[in-house]
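Trainee: See query-v7.pdb below, with PDB, C-alpha atoms and all ligand atoms.
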```pdb
ATOM      1  CA  MET A  26      34.725 154.909 146.570
ATOM      2  CA  LYS A  27      37.614 152.450 146.316
ATOM      3  CA  ILE A  28      39.520 153.217 143.111
ATOM      4  CA  ALA A  29      42.201 151.112 141.417
ATOM      5  CA  ILE A  30      44.584 153.302 139.435
ATOM      6  CA  THR A  31      47.369 152.782 136.898
ATOM      7  CA  GLY A  32      49.812 155.611 136.159
ATOM      8  CA  ALA A  33      49.597 156.699 139.807
ATOM      9  CA  SER A  34      53.223 157.880 139.776
ATOM     10  CA  GLY A  35      52.620 160.108 136.740
ATOM     11  CA  PHE A  36      51.914 163.830 136.434
ATOM     12  CA  ILE A  37      48.120 163.466 136.268
ATOM     13  CA  GLY A  38      47.850 160.417 138.553
ATOM     14  CA  LYS A  39      49.615 162.104 141.475
ATOM     15  CA  ARG A  40      47.345 165.164 141.475
ATOM     16  CA  PHE A  41      44.221 163.091 140.886
ATOM     17  CA  MET A  42      44.997 160.920 143.913
ATOM     18  CA  GLU A  43      45.628 163.952 146.145
ATOM     19  CA  LEU A  44      42.307 165.453 145.119
ATOM     20  CA  GLY A  45      40.453 162.139 145.406
ATOM     21  CA  ALA A  46      41.925 161.352 148.836
ATOM     22  CA  GLY A  47      40.795 164.805 149.998
ATOM     23  CA  GLN A  48      37.247 163.813 149.031
ATOM     24  CA  GLY A  49      37.404 160.551 150.984
ATOM     25  CA  HIS A  50      38.245 158.097 148.200
ATOM     26  CA  SER A  51      40.738 155.281 148.772
ATOM     27  CA  PHE A  52      43.143 153.845 146.210
ATOM     28  CA  VAL A  53      44.789 150.626 145.086
ATOM     29  CA  THR A  54      47.763 151.500 142.906
ATOM     30  CA  LEU A  55      48.722 149.166 140.035
ATOM     31  CA  GLY A  56      52.219 149.821 138.714
ATOM     32  CA  ARG A  57      55.772 148.744 137.962
ATOM     33  CA  LYS A  58      57.281 149.914 141.250
ATOM     34  CA  ASN A  59      56.195 151.282 144.639
ATOM     35  CA  ALA A  60      52.652 150.099 143.940
ATOM     36  CA  ASP A  61      50.094 148.129 145.981
ATOM     37  CA  VAL A  62      49.888 145.606 143.125
ATOM     38  CA  LEU A  63      52.854 145.052 140.820
ATOM     39  CA  TRP A  64      51.598 145.378 137.269
ATOM     40  CA  ASP A  65      53.285 146.139 133.962
ATOM     41  CA  ALA A  66      51.302 147.016 130.855
ATOM     42  CA  ASN A  67      52.388 143.797 129.150
ATOM     43  CA  SER A  68      51.510 141.543 132.085
ATOM     44  CA  VAL A  69      48.298 139.825 133.141
ATOM     45  CA  LEU A  70      46.427 141.479 136.019
ATOM     46  CA  ASP A  71      45.078 139.087 138.642
ATOM     47  CA  PRO A  72      41.331 139.928 138.869
ATOM     48  CA  LYS A  73      41.585 139.394 142.647
ATOM     49  CA  SER A  74      43.472 142.727 142.711
ATOM     50  CA  LEU A  75      40.106 144.336 141.943
ATOM     51  CA  ASP A  76      38.207 142.696 144.834
ATOM     52  CA  GLY A  77      36.181 145.385 146.615
ATOM     53  CA  VAL A  78      37.130 147.993 143.996
ATOM     54  CA  ASP A  79      34.312 150.240 142.693
ATOM     55  CA  ALA A  80      36.087 151.926 139.785
ATOM     56  CA  VAL A  81      39.299 151.779 137.763
ATOM     57  CA  VAL A  82      41.185 154.829 136.472
ATOM     58  CA  HIS A  83      43.701 153.858 133.809
ATOM     59  CA  LEU A  84      46.378 156.440 133.031
ATOM     60  CA  ALA A  85      49.511 154.351 132.387
ATOM     61  CA  GLY A  86      51.396 154.702 129.119
ATOM     62  CA  GLU A  87      54.887 155.171 127.728
ATOM     63  CA  PRO A  88      55.566 158.958 127.497
ATOM     64  CA  VAL A  89      54.826 160.306 124.007
ATOM     65  CA  ALA A  90      56.956 163.456 124.211
ATOM     66  CA  GLN A  91      60.251 161.865 123.171
ATOM     67  CA  ARG A  92      61.981 161.137 119.864
ATOM     68  CA  TRP A  93      59.987 158.415 118.109
ATOM     69  CA  SER A  94      62.359 155.608 117.145
ATOM     70  CA  ASP A  95      60.670 152.408 115.958
ATOM     71  CA  THR A  96      61.245 150.925 119.432
ATOM     72  CA  VAL A  97      59.715 153.956 121.144
ATOM     73  CA  LYS A  98      56.702 153.912 118.808
ATOM     74  CA  ASP A  99      56.193 150.251 119.618
ATOM     75  CA  LYS A 100      56.332 151.014 123.366
ATOM     76  CA  ILE A 101      53.901 153.934 122.986
ATOM     77  CA  MET A 102      51.410 151.717 121.157
ATOM     78  CA  ARG A 103      51.816 148.503 123.165
ATOM     79  CA  SER A 104      51.874 150.081 126.626
ATOM     80  CA  ARG A 105      48.470 151.598 125.827
ATOM     81  CA  VAL A 106      46.749 148.899 123.786
ATOM     82  CA  ASP A 107      48.127 145.811 125.588
ATOM     83  CA  GLY A 108      48.005 147.615 128.958
ATOM     84  CA  THR A 109      44.342 148.499 128.461
ATOM     85  CA  GLY A 110      43.627 144.948 127.274
ATOM     86  CA  SER A 111      45.217 143.560 130.430
ATOM     87  CA  ILE A 112      43.063 145.809 132.660
ATOM     88  CA  VAL A 113      39.886 145.056 130.688
ATOM     89  CA  ASP A 114      40.467 141.284 130.925
ATOM     90  CA  ALA A 115      40.541 141.640 134.717
ATOM     91  CA  LEU A 116      37.496 143.953 134.683
ATOM     92  CA  GLY A 117      35.551 141.176 132.961
ATOM     93  CA  LYS A 118      36.123 138.956 135.994
ATOM     94  CA  SER A 119      35.397 141.630 138.589
ATOM     95  CA  LYS A 120      32.461 143.569 140.032
ATOM     96  CA  VAL A 121      33.875 146.973 139.012
ATOM     97  CA  LYS A 122      31.161 149.222 137.588
ATOM     98  CA  VAL A 123      33.091 152.200 136.135
ATOM     99  CA  PHE A 124      36.206 152.390 133.958
ATOM    100  CA  VAL A 125      37.761 155.786 133.210
ATOM    101  CA  CYS A 126      40.521 155.457 130.640
ATOM    102  CA  ALA A 127      42.910 158.113 129.361
ATOM    103  CA  SER A 128      43.007 158.837 125.649
ATOM    104  CA  ALA A 129      44.361 161.926 123.926
ATOM    105  CA  VAL A 130      43.417 164.696 121.517
ATOM    106  CA  GLY A 131      45.890 162.913 119.248
ATOM    107  CA  TYR A 132      42.768 160.914 118.282
ATOM    108  CA  TYR A 133      41.703 163.730 115.935
ATOM    109  CA  GLY A 134      44.993 164.116 114.054
ATOM    110  CA  PHE A 135      46.065 167.557 112.812
ATOM    111  CA  ARG A 136      43.217 169.502 111.227
ATOM    112  CA  GLY A 137      44.138 173.219 110.950
ATOM    113  CA  ASP A 138      41.345 175.535 112.153
ATOM    114  CA  GLU A 139      38.605 172.885 112.197
ATOM    115  CA  LEU A 140      36.699 172.771 115.496
ATOM    116  CA  LEU A 141      36.965 169.237 116.884
ATOM    117  CA  ALA A 142      34.255 167.979 119.249
ATOM    118  CA  GLU A 143      33.794 164.487 120.669
ATOM    119  CA  THR A 144      31.729 163.441 117.643
ATOM    120  CA  SER A 145      34.463 164.425 115.141
ATOM    121  CA  SER A 146      36.022 161.586 113.176
ATOM    122  CA  PRO A 147      39.503 160.270 114.000
ATOM    123  CA  GLY A 148      42.456 161.601 112.026
ATOM    124  CA  LYS A 149      45.163 159.751 110.126
ATOM    125  CA  GLY A 150      48.700 158.911 111.241
ATOM    126  CA  PHE A 151      50.540 157.355 114.142
ATOM    127  CA  LEU A 152      48.848 159.181 117.036
ATOM    128  CA  PRO A 153      45.288 158.722 115.740
ATOM    129  CA  ASP A 154      46.101 155.035 115.133
ATOM    130  CA  VAL A 155      47.333 154.687 118.736
ATOM    131  CA  CYS A 156      44.289 156.463 120.187
ATOM    132  CA  VAL A 157      41.764 154.536 118.064
ATOM    133  CA  ALA A 158      43.298 151.189 119.111
ATOM    134  CA  TRP A 159      43.583 152.339 122.761
ATOM    135  CA  GLU A 160      39.919 153.408 122.874
ATOM    136  CA  ALA A 161      38.777 150.199 121.152
ATOM    137  CA  ALA A 162      40.632 148.182 123.804
ATOM    138  CA  ALA A 163      38.864 150.210 126.531
ATOM    139  CA  ASP A 164      35.427 149.861 124.902
ATOM    140  CA  ARG A 165      35.616 146.082 125.234
ATOM    141  CA  ALA A 166      34.817 146.621 128.948
ATOM    142  CA  ALA A 167      31.330 147.839 127.986
ATOM    143  CA  GLY A 168      30.596 144.237 126.920
ATOM    144  CA  PHE A 169      30.992 143.235 130.595
ATOM    145  CA  GLY A 170      28.414 145.812 131.717
ATOM    146  CA  VAL A 171      31.058 148.315 132.854
ATOM    147  CA  SER A 172      30.453 152.053 132.175
ATOM    148  CA  VAL A 173      33.397 153.203 130.073
ATOM    149  CA  VAL A 174      34.496 156.843 129.771
ATOM    150  CA  LYS A 175      37.516 157.746 127.642
ATOM    151  CA  LEU A 176      39.003 161.150 128.298
ATOM    152  CA  ARG A 177      40.657 162.683 125.212
ATOM    153  CA  ILE A 178      43.249 164.707 127.033
ATOM    154  CA  GLY A 179      44.922 167.851 125.682
ATOM    155  CA  MET A 180      48.225 169.357 126.858
ATOM    156  CA  VAL A 181      48.024 169.346 130.653
ATOM    157  CA  LEU A 182      49.328 172.515 132.300
ATOM    158  CA  GLY A 183      50.447 172.496 135.912
ATOM    159  CA  ARG A 184      53.394 172.903 138.217
ATOM    160  CA  GLY A 185      56.163 170.350 138.443
ATOM    161  CA  GLY A 186      55.715 168.317 135.276
ATOM    162  CA  GLY A 187      54.060 167.930 131.911
ATOM    163  CA  ALA A 188      54.599 170.286 128.991
ATOM    164  CA  LEU A 189      55.395 173.383 131.073
ATOM    165  CA  ALA A 190      58.355 171.628 132.719
ATOM    166  CA  THR A 191      60.032 171.316 129.306
ATOM    167  CA  MET A 192      59.061 174.773 128.101
ATOM    168  CA  GLU A 193      60.100 176.668 131.201
ATOM    169  CA  THR A 194      63.883 176.629 130.793
ATOM    170  CA  PRO A 195      64.201 178.403 127.399
ATOM    171  CA  PHE A 196      61.539 180.924 128.400
ATOM    172  CA  LYS A 197      63.174 181.609 131.774
ATOM    173  CA  LEU A 198      66.487 182.096 129.963
ATOM    174  CA  GLY A 199      64.736 184.648 127.747
ATOM    175  CA  VAL A 200      65.165 182.620 124.560
ATOM    176  CA  GLY A 201      61.582 181.364 124.253
ATOM    177  CA  GLY A 202      59.433 182.063 121.227
ATOM    178  CA  LYS A 203      56.709 180.766 118.971
ATOM    179  CA  LEU A 204      57.197 177.364 117.381
ATOM    180  CA  GLY A 205      57.118 177.179 113.583
ATOM    181  CA  SER A 206      54.490 179.524 112.131
ATOM    182  CA  GLY A 207      52.799 179.915 115.533
ATOM    183  CA  GLU A 208      49.437 179.546 113.763
ATOM    184  CA  GLN A 209      48.824 176.006 115.062
ATOM    185  CA  TRP A 210      46.055 175.610 117.656
ATOM    186  CA  MET A 211      46.973 174.171 121.049
ATOM    187  CA  SER A 212      44.351 172.383 123.113
ATOM    188  CA  TRP A 213      45.229 172.470 126.774
ATOM    189  CA  ILE A 214      43.724 171.845 130.241
ATOM    190  CA  HIS A 215      44.819 172.936 133.709
ATOM    191  CA  LEU A 216      46.016 170.003 135.868
ATOM    192  CA  GLU A 217      43.404 170.865 138.505
ATOM    193  CA  ASP A 218      40.551 170.645 135.980
ATOM    194  CA  MET A 219      42.059 167.422 134.645
ATOM    195  CA  ALA A 220      41.949 165.826 138.109
ATOM    196  CA  ARG A 221      38.441 167.243 138.729
ATOM    197  CA  LEU A 222      37.229 165.864 135.395
ATOM    198  CA  ILE A 223      38.384 162.331 136.285
ATOM    199  CA  LEU A 224      36.389 162.584 139.535
ATOM    200  CA  PHE A 225      33.426 163.980 137.570
ATOM    201  CA  ALA A 226      33.604 160.992 135.183
ATOM    202  CA  LEU A 227      33.639 158.609 138.154
ATOM    203  CA  ASN A 228      30.725 160.267 139.933
ATOM    204  CA  THR A 229      28.358 161.099 137.057
ATOM    205  CA  THR A 230      26.005 158.579 135.517
ATOM    206  CA  GLY A 231      24.755 158.701 131.931
ATOM    207  CA  LEU A 232      27.902 160.204 130.421
ATOM    208  CA  PRO A 233      28.733 159.637 126.770
ATOM    209  CA  SER A 234      31.633 157.272 126.323
ATOM    210  CA  GLU A 235      34.040 159.987 125.081
ATOM    211  CA  LEU A 236      34.731 163.346 126.706
ATOM    212  CA  ASN A 237      37.259 165.909 125.555
ATOM    213  CA  ALA A 238      39.537 166.855 128.431
ATOM    214  CA  THR A 239      40.461 170.268 127.067
ATOM    215  CA  ALA A 240      39.561 173.773 128.216
ATOM    216  CA  PRO A 241      36.861 175.504 126.135
ATOM    217  CA  ASN A 242      39.324 178.087 124.820
ATOM    218  CA  PRO A 243      42.183 176.577 122.790
ATOM    219  CA  VAL A 244      44.821 179.115 121.701
ATOM    220  CA  THR A 245      47.231 179.468 118.803
ATOM    221  CA  ASN A 246      50.867 178.816 119.573
ATOM    222  CA  ALA A 247      51.655 182.512 118.937
ATOM    223  CA  ASP A 248      49.081 183.583 121.556
ATOM    224  CA  PHE A 249      50.250 180.888 123.960
ATOM    225  CA  THR A 250      53.852 182.090 123.569
ATOM    226  CA  ARG A 251      52.939 185.728 124.206
ATOM    227  CA  MET A 252      50.875 184.924 127.306
ATOM    228  CA  TYR A 253      53.400 182.429 128.633
ATOM    229  CA  GLY A 254      56.285 184.910 128.244
ATOM    230  CA  ALA A 255      54.177 187.539 130.034
ATOM    231  CA  ALA A 256      53.334 185.106 132.879
ATOM    232  CA  LEU A 257      57.059 184.447 133.375
ATOM    233  CA  HIS A 258      57.923 188.146 132.886
ATOM    234  CA  ARG A 259      60.320 187.212 130.088
ATOM    235  CA  PRO A 260      60.552 188.240 126.438
ATOM    236  CA  ALA A 261      59.313 185.568 124.028
ATOM    237  CA  VAL A 262      60.736 186.910 120.795
ATOM    238  CA  PHE A 263      62.936 184.056 119.569
ATOM    239  CA  PRO A 264      60.874 181.988 117.146
ATOM    240  CA  VAL A 265      62.009 178.399 116.694
ATOM    241  CA  PRO A 266      61.892 177.482 112.975
ATOM    242  CA  GLU A 267      60.098 174.356 111.839
ATOM    243  CA  PHE A 268      63.253 172.687 110.479
ATOM    244  CA  ALA A 269      65.035 173.051 113.857
ATOM    245  CA  LEU A 270      62.177 171.262 115.631
ATOM    246  CA  GLN A 271      62.179 168.544 113.001
ATOM    247  CA  LEU A 272      65.942 168.115 113.403
ATOM    248  CA  LEU A 273      65.637 167.959 117.180
ATOM    249  CA  TYR A 274      62.549 165.775 117.541
ATOM    250  CA  GLY A 275      62.191 163.962 114.198
ATOM    251  CA  GLU A 276      58.658 162.726 113.531
ATOM    252  CA  MET A 277      57.506 163.712 117.034
ATOM    253  CA  ALA A 278      57.837 167.393 115.977
ATOM    254  CA  GLN A 279      54.368 167.015 114.419
ATOM    255  CA  MET A 280      52.953 167.100 117.960
ATOM    256  CA  ILE A 281      54.430 170.565 118.395
ATOM    257  CA  LEU A 282      53.801 171.889 114.898
ATOM    258  CA  GLY A 283      50.438 170.228 114.195
ATOM    259  CA  SER A 284      47.191 172.113 114.800
ATOM    260  CA  GLN A 285      44.388 170.774 117.000
ATOM    261  CA  ARG A 286      41.462 173.012 117.875
ATOM    262  CA  VAL A 287      39.547 170.776 120.265
ATOM    263  CA  ILE A 288      36.494 171.915 122.219
ATOM    264  CA  PRO A 289      34.825 170.121 125.157
ATOM    265  CA  THR A 290      31.285 170.142 123.744
ATOM    266  CA  ALA A 291      30.014 166.957 125.451
ATOM    267  CA  THR A 292      32.038 167.622 128.621
ATOM    268  CA  GLU A 293      30.307 170.993 129.144
ATOM    269  CA  ARG A 294      26.915 169.724 128.011
ATOM    270  CA  MET A 295      27.101 167.075 130.741
ATOM    271  CA  GLY A 296      27.579 169.814 133.316
ATOM    272  CA  PHE A 297      31.334 169.896 133.963
ATOM    273  CA  GLN A 298      32.404 173.412 134.902
ATOM    274  CA  PHE A 299      35.988 174.365 134.172
ATOM    275  CA  ARG A 300      37.672 176.264 136.960
ATOM    276  CA  PHE A 301      40.269 177.500 134.453
ATOM    277  CA  PRO A 302      38.432 177.979 131.137
ATOM    278  CA  ASP A 303      40.935 180.429 129.622
ATOM    279  CA  LEU A 304      44.712 180.382 129.419
ATOM    280  CA  ALA A 305      45.183 183.664 131.310
ATOM    281  CA  SER A 306      43.423 182.290 134.416
ATOM    282  CA  ALA A 307      45.331 178.991 134.179
ATOM    283  CA  LEU A 308      48.755 180.648 133.903
ATOM    284  CA  LYS A 309      47.871 183.087 136.682
ATOM    285  CA  GLU A 310      47.120 180.199 139.028
ATOM    286  CA  ILE A 311      50.320 178.370 138.047
ATOM    287  CA  TYR A 312      52.761 181.291 138.115
ATOM    288  CA  GLY A 313      50.995 183.736 140.434
TER     289      GLY A 313
HETATM  290  N1  LIG A 401      50.168 165.035 130.416
HETATM  291  C1  LIG A 401      49.621 165.360 129.250
HETATM  292  O1  LIG A 401      49.760 166.522 128.777
HETATM  293  C2  LIG A 401      48.780 164.343 128.502
HETATM  294  C3  LIG A 401      48.161 164.736 127.297
HETATM  295  C4  LIG A 401      47.404 163.806 126.589
HETATM  296  C5  LIG A 401      47.273 162.498 127.051
HETATM  297  N2  LIG A 401      47.888 162.150 128.219
HETATM  298  C6  LIG A 401      47.762 160.741 128.652
HETATM  299  O2  LIG A 401      47.363 160.653 130.006
HETATM  300  C7  LIG A 401      48.029 159.548 130.640
HETATM  301  C8  LIG A 401      48.731 160.047 131.885
HETATM  302  O3  LIG A 401      49.575 161.129 131.527
HETATM  303  P1  LIG A 401      50.725 161.673 132.491
HETATM  304  O4  LIG A 401      51.164 162.995 131.946
HETATM  305  O5  LIG A 401      50.311 161.553 133.909
HETATM  306  O6  LIG A 401      51.858 160.599 132.174
HETATM  307  P2  LIG A 401      53.325 160.447 132.816
HETATM  308  O7  LIG A 401      53.610 161.514 133.804
HETATM  309  O8  LIG A 401      54.271 160.255 131.657
HETATM  310  O9  LIG A 401      53.190 159.068 133.618
HETATM  311  C9  LIG A 401      53.040 157.869 132.914
HETATM  312  C10 LIG A 401      52.597 156.815 133.911
HETATM  313  O10 LIG A 401      52.459 155.571 133.195
HETATM  314  C11 LIG A 401      53.212 154.566 133.858
HETATM  315  N3  LIG A 401      53.708 153.632 132.848
HETATM  316  C12 LIG A 401      54.396 153.929 131.720
HETATM  317  N4  LIG A 401      54.690 152.800 131.041
HETATM  318  C13 LIG A 401      54.160 151.777 131.764
HETATM  319  C14 LIG A 401      54.140 150.363 131.588
HETATM  320  N5  LIG A 401      54.710 149.770 130.552
HETATM  321  N6  LIG A 401      53.508 149.624 132.539
HETATM  322  C15 LIG A 401      52.928 150.195 133.619
HETATM  323  N7  LIG A 401      52.920 151.525 133.844
HETATM  324  C16 LIG A 401      53.539 152.301 132.921
HETATM  325  C17 LIG A 401      54.334 155.318 134.544
HETATM  326  O11 LIG A 401      54.816 154.521 135.601
HETATM  327  P3  LIG A 401      56.367 154.412 136.046
HETATM  328  O12 LIG A 401      56.482 155.277 137.270
HETATM  329  O13 LIG A 401      56.555 152.964 136.299
HETATM  330  O14 LIG A 401      57.198 154.925 134.879
HETATM  331  C18 LIG A 401      53.618 156.570 135.021
HETATM  332  O15 LIG A 401      52.908 156.310 136.215
HETATM  333  C19 LIG A 401      48.991 158.944 129.607
HETATM  334  O16 LIG A 401      48.399 157.818 129.025
HETATM  335  C20 LIG A 401      49.125 160.061 128.573
HETATM  336  O17 LIG A 401      49.336 159.580 127.256
HETATM  337  C21 LIG A 401      48.641 163.024 128.949
END
```
Mind turning the file's structure into structure tokens?

Mentor:
Amino acid sequence: MKIAITGASGFIGKRFMELGAGQGHSFVTLGRKNADVLWDANSVLDPKSLDGVDAVVHLAGEPVAQRWSDTVKDKIMRSRVDGTGSIVDALGKSKVKVFVCASAVGYYGFRGDELLAETSSPGKGFLPDVCVAWEAAADRAAGFGVSVVKLRIGMVLGRGGGALATMETPFKLGVGGKLGSGEQWMSWIHLEDMARLILFALNTTGLPSELNATAPNPVTNADFTRMYGAALHRPAVFPVPEFALQLLYGEMAQMILGSQRVIPTATERMGFQFRFPDLASALKEIYG
């Protein structure tokens, strides 16, 4: 399969391309630098860039894990909604049959202990607003006869990037600990399963248009902290109080303190098998 991809230089994109290349797929990268086709989320994509392309994987977006100033919030929203619009406009003038678009568990908002499957309603607030608009922009491709699959991605765990790259330093220094009450649910997925799930979405017909990209066993932050400390052979006994996180990250702290208990009901029903269904197996693979 010839696959056009945005976000190829990112944490997920890099691993996905390695895995896909190993299975014989070829790629056309669309991006701001070092790409086959120069493309920025707020630019128009020449549909000719998709000549001969079978599928598009769209991962590009301004990083969310940063302090949310008004400018940053605008970039987070526009890079996703306008970027997706730009890709979908080109899809409408192409022969591409499949469009796999990133979304996030942020779609559901923060809902305590409630189990959140693909059919759950969206939440309220900035992140749900971003995800709802992002998914609506992607769904427009269905009007052109393209199969659209949005992957609602949880916290991706893997070596060399993502959430673990930021968490590692305090834990390695022995000053890691639970965040806030530690009761909040964390929905996560191993990077390998994330890359495999994108390939699954590309290769499987008859999928629903939303799949949760989260392992079937979310954990509370307290359990995550204990298991993560153990995986690094470090104590994890220094809790970080809620006010400190709010001071440090402002509004973005809600991503760390908010609870999301997401389960991949449709993903498993459609036959995807997680290689790392529980946190212990995921951390063992990552840290040995
Ligand atoms: N990783 C996670 O835990 C996680 C969780 C939930 C959802 N997601 C979503 O999954 C997608 C991929 O995540 P990731 O972790 O791989 O992201 P990442 O490592 O932050 O990479 C972001 C990618 O988007 C590109 N990009 C950013 N702004 C752009 C713009 N204005 N125009 C064109 N390209 C732009 C970047 O390209 P440059 O090299 O040009 O900067 C980079 O390739 C994102 O949409 C993210 O929101 C990720």

Trainee: Env of Ser206 of chain A: 12 Å cut, atoms = only C-alpha atoms, seq-sep filter 3 positions within chain, self excluded. Answer as a PDB file with C-alpha atoms, keeping the file's coordinate frame.

Mentor:
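After the write, around05.pdb holds the following:
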```
ATOM      1  CA  GLY A 202      59.433 182.063 121.227  1.00  0.00           C
ATOM      2  CA  LYS A 203      56.709 180.766 118.971  1.00  0.00           C
ATOM      3  CA  GLN A 209      48.824 176.006 115.062  1.00  0.00           C
ATOM      4  CA  TRP A 210      46.055 175.610 117.656  1.00  0.00           C
ATOM      5  CA  THR A 245      47.231 179.468 118.803  1.00  0.00           C
ATOM      6  CA  ASN A 246      50.867 178.816 119.573  1.00  0.00           C
ATOM      7  CA  ALA A 247      51.655 182.512 118.937  1.00  0.00           C
ATOM      8  CA  ASP A 248      49.081 183.583 121.556  1.00  0.00           C
ATOM      9  CA  THR A 250      53.852 182.090 123.569  1.00  0.00           C
ATOM     10  CA  PRO A 264      60.874 181.988 117.146  1.00  0.00           C
ATOM     11  CA  VAL A 265      62.009 178.399 116.694  1.00  0.00           C
ATOM     12  CA  PRO A 266      61.892 177.482 112.975  1.00  0.00           C
ATOM     13  CA  GLU A 267      60.098 174.356 111.839  1.00  0.00           C
ATOM     14  CA  PHE A 268      63.253 172.687 110.479  1.00  0.00           C
ATOM     15  CA  LEU A 270      62.177 171.262 115.631  1.00  0.00           C
ATOM     16  CA  ILE A 281      54.430 170.565 118.395  1.00  0.00           C
ATOM     17  CA  LEU A 282      53.801 171.889 114.898  1.00  0.00           C
ATOM     18  CA  GLY A 283      50.438 170.228 114.195  1.00  0.00           C
ATOM     19  CA  SER A 284      47.191 172.113 114.800  1.00  0.00           C
TER      20      SER A 284
END
```

Trainee: What do you get, as a VMD selection string, if you spell out every residue that the PyMOL selection byres (((chain A and resi 41-53) around 8) and not hetatm) selects here?

Mentor: chain A and resid 26 to 30 33 37 to 40 54 to 55 60 to 62 219 to 221 223 to 224

Trainee: With all atoms listed in the file as the counted atoms, please give the residues lying no more than 9 Å from Phe36 of chain A, apart from itself and same-chain residues fewer than 5 positions off, as a VMD selection string.

Mentor: chain A and resid 41 181 183 185 to 187 216

Trainee: Using only C-alpha atoms and all ligand atoms, find each protein or nucleic acid residue lying at most 6 Å from ligand LIG 401 (chain A); present the set as a ChimeraX atom specification.

Mentor: /A:32-38,56-58,65-66,84-88,104,127-129,178-181,187

Trainee: Which one is closest to Ile101 of chain A: A:Phe301, A:Tyr132, A:Trp159, A:Phe225? Count all atoms listed in the file.

Mentor: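 Result for the nearest residue to Ile101 of chain A: A:Trp159.
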
Trainee: Which of these, A:His258, A:Arg294, A:Arg286, A:Arg177, has the shortest distance to Val244 of chain A once you count only C-alpha atoms?

Mentor: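 Among the listed residues, the smallest separation from Val244 of chain A belongs to A:Arg286.
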
Trainee: Could you make a table, as a tab-separated table, of the residues of segment 200-281 of chain A that have an atom within 9 Å of an atom of segment 169-176 of chain A, each with its nearest atom pair and distance in Å to one decimal, counting only C-alpha atoms, in chain and number order?

Mentor:
```
residue	atom	partner	partner_atom	distance
A:Leu222	CA	A:Leu176	CA	8.7
A:Ile223	CA	A:Leu176	CA	8.1
A:Ala226	CA	A:Val174	CA	6.9
A:Leu227	CA	A:Val174	CA	8.6
A:Thr230	CA	A:Ser172	CA	8.6
A:Gly231	CA	A:Ser172	CA	8.8
A:Leu232	CA	A:Val174	CA	7.4
A:Pro233	CA	A:Val174	CA	7.1
A:Ser234	CA	A:Val174	CA	4.5
A:Glu235	CA	A:Lys175	CA	4.9
A:Leu236	CA	A:Leu176	CA	5.1
A:Asn237	CA	A:Leu176	CA	5.8
A:Ala238	CA	A:Leu176	CA	5.7
```

Trainee: Convert the current residue selection to file output with C-alpha atoms, as a short mmCIF file (atom, residue, chain, number, x, y, z; two decimals), keeping the file's coordinate frame.

Mentor:
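Writing done, so here's part-v8.cif:
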```cif
data_model
loop_
_atom_site.label_atom_id
_atom_site.label_comp_id
_atom_site.auth_asym_id
_atom_site.auth_seq_id
_atom_site.Cartn_x
_atom_site.Cartn_y
_atom_site.Cartn_z
CA LEU A 222 37.23 165.86 135.40
CA ILE A 223 38.38 162.33 136.28
CA ALA A 226 33.60 160.99 135.18
CA LEU A 227 33.64 158.61 138.15
CA THR A 230 26.00 158.58 135.52
CA GLY A 231 24.76 158.70 131.93
CA LEU A 232 27.90 160.20 130.42
CA PRO A 233 28.73 159.64 126.77
CA SER A 234 31.63 157.27 126.32
CA GLU A 235 34.04 159.99 125.08
CA LEU A 236 34.73 163.35 126.71
CA ASN A 237 37.26 165.91 125.56
CA ALA A 238 39.54 166.86 128.43
#
```

Trainee: How many Å separate atom CA of Gly201 of chain A from atom CA of Ala261 of chain A?

Mentor: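 Result for atom CA of Gly201 of chain A versus atom CA of Ala261 of chain A: 4.8 Å, one decimal.
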
Trainee: One decimal, Å: what's the distance from atom CA of Gly148 of chain A over to atom CA of Thr31 of chain A, could you say?

Mentor: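 Between atom CA of Gly148 of chain A and atom CA of Thr31 of chain A the gap is 26.8 Å.
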
Trainee: By how many Å are atom CA of Met211 of chain A and atom CA of Val287 of chain A apart?

Mentor: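 Taking atom CA of Met211 of chain A as the start and atom CA of Val287 of chain A as the end point, the length is 8.2 Å.
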
Trainee: With distances taken over all atoms listed in the file, which of A:Thr290, A:Gln91, A:Asn228, A:Thr194 is nearest to Leu273 of chain A?

Mentor: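 For Leu273 of chain A, the nearest of the given residues is A:Gln91.
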
Trainee: Measuring between all atoms listed in the file, which one of A:Val125, A:Leu116, A:Val262, A:Ala188 shows the shortest distance to Lys73 of chain A?

Mentor: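 Result for the nearest residue to Lys73 of chain A: A:Leu116.
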
Trainee: Name the residues captured by the PyMOL selection byres (((chain A and resi 94-98) around 12) and not hetatm) when it is applied to the shown file; answer as a short mmCIF file (atom, residue, chain, number, x, y, z; two decimals) with C-alpha atoms, in the coordinates of the input.

Mentor:
```
data_model
loop_
_atom_site.label_atom_id
_atom_site.label_comp_id
_atom_site.auth_asym_id
_atom_site.auth_seq_id
_atom_site.Cartn_x
_atom_site.Cartn_y
_atom_site.Cartn_z
CA GLY A 86 51.40 154.70 129.12
CA GLU A 87 54.89 155.17 127.73
CA PRO A 88 55.57 158.96 127.50
CA VAL A 89 54.83 160.31 124.01
CA ALA A 90 56.96 163.46 124.21
CA GLN A 91 60.25 161.86 123.17
CA ARG A 92 61.98 161.14 119.86
CA TRP A 93 59.99 158.42 118.11
CA ASP A 99 56.19 150.25 119.62
CA LYS A 100 56.33 151.01 123.37
CA ILE A 101 53.90 153.93 122.99
CA MET A 102 51.41 151.72 121.16
CA ARG A 103 51.82 148.50 123.16
CA SER A 104 51.87 150.08 126.63
CA ARG A 105 48.47 151.60 125.83
CA PHE A 151 50.54 157.35 114.14
CA LEU A 152 48.85 159.18 117.04
CA ASP A 154 46.10 155.04 115.13
CA VAL A 155 47.33 154.69 118.74
CA TYR A 274 62.55 165.78 117.54
CA GLY A 275 62.19 163.96 114.20
CA GLU A 276 58.66 162.73 113.53
CA MET A 277 57.51 163.71 117.03
#
```
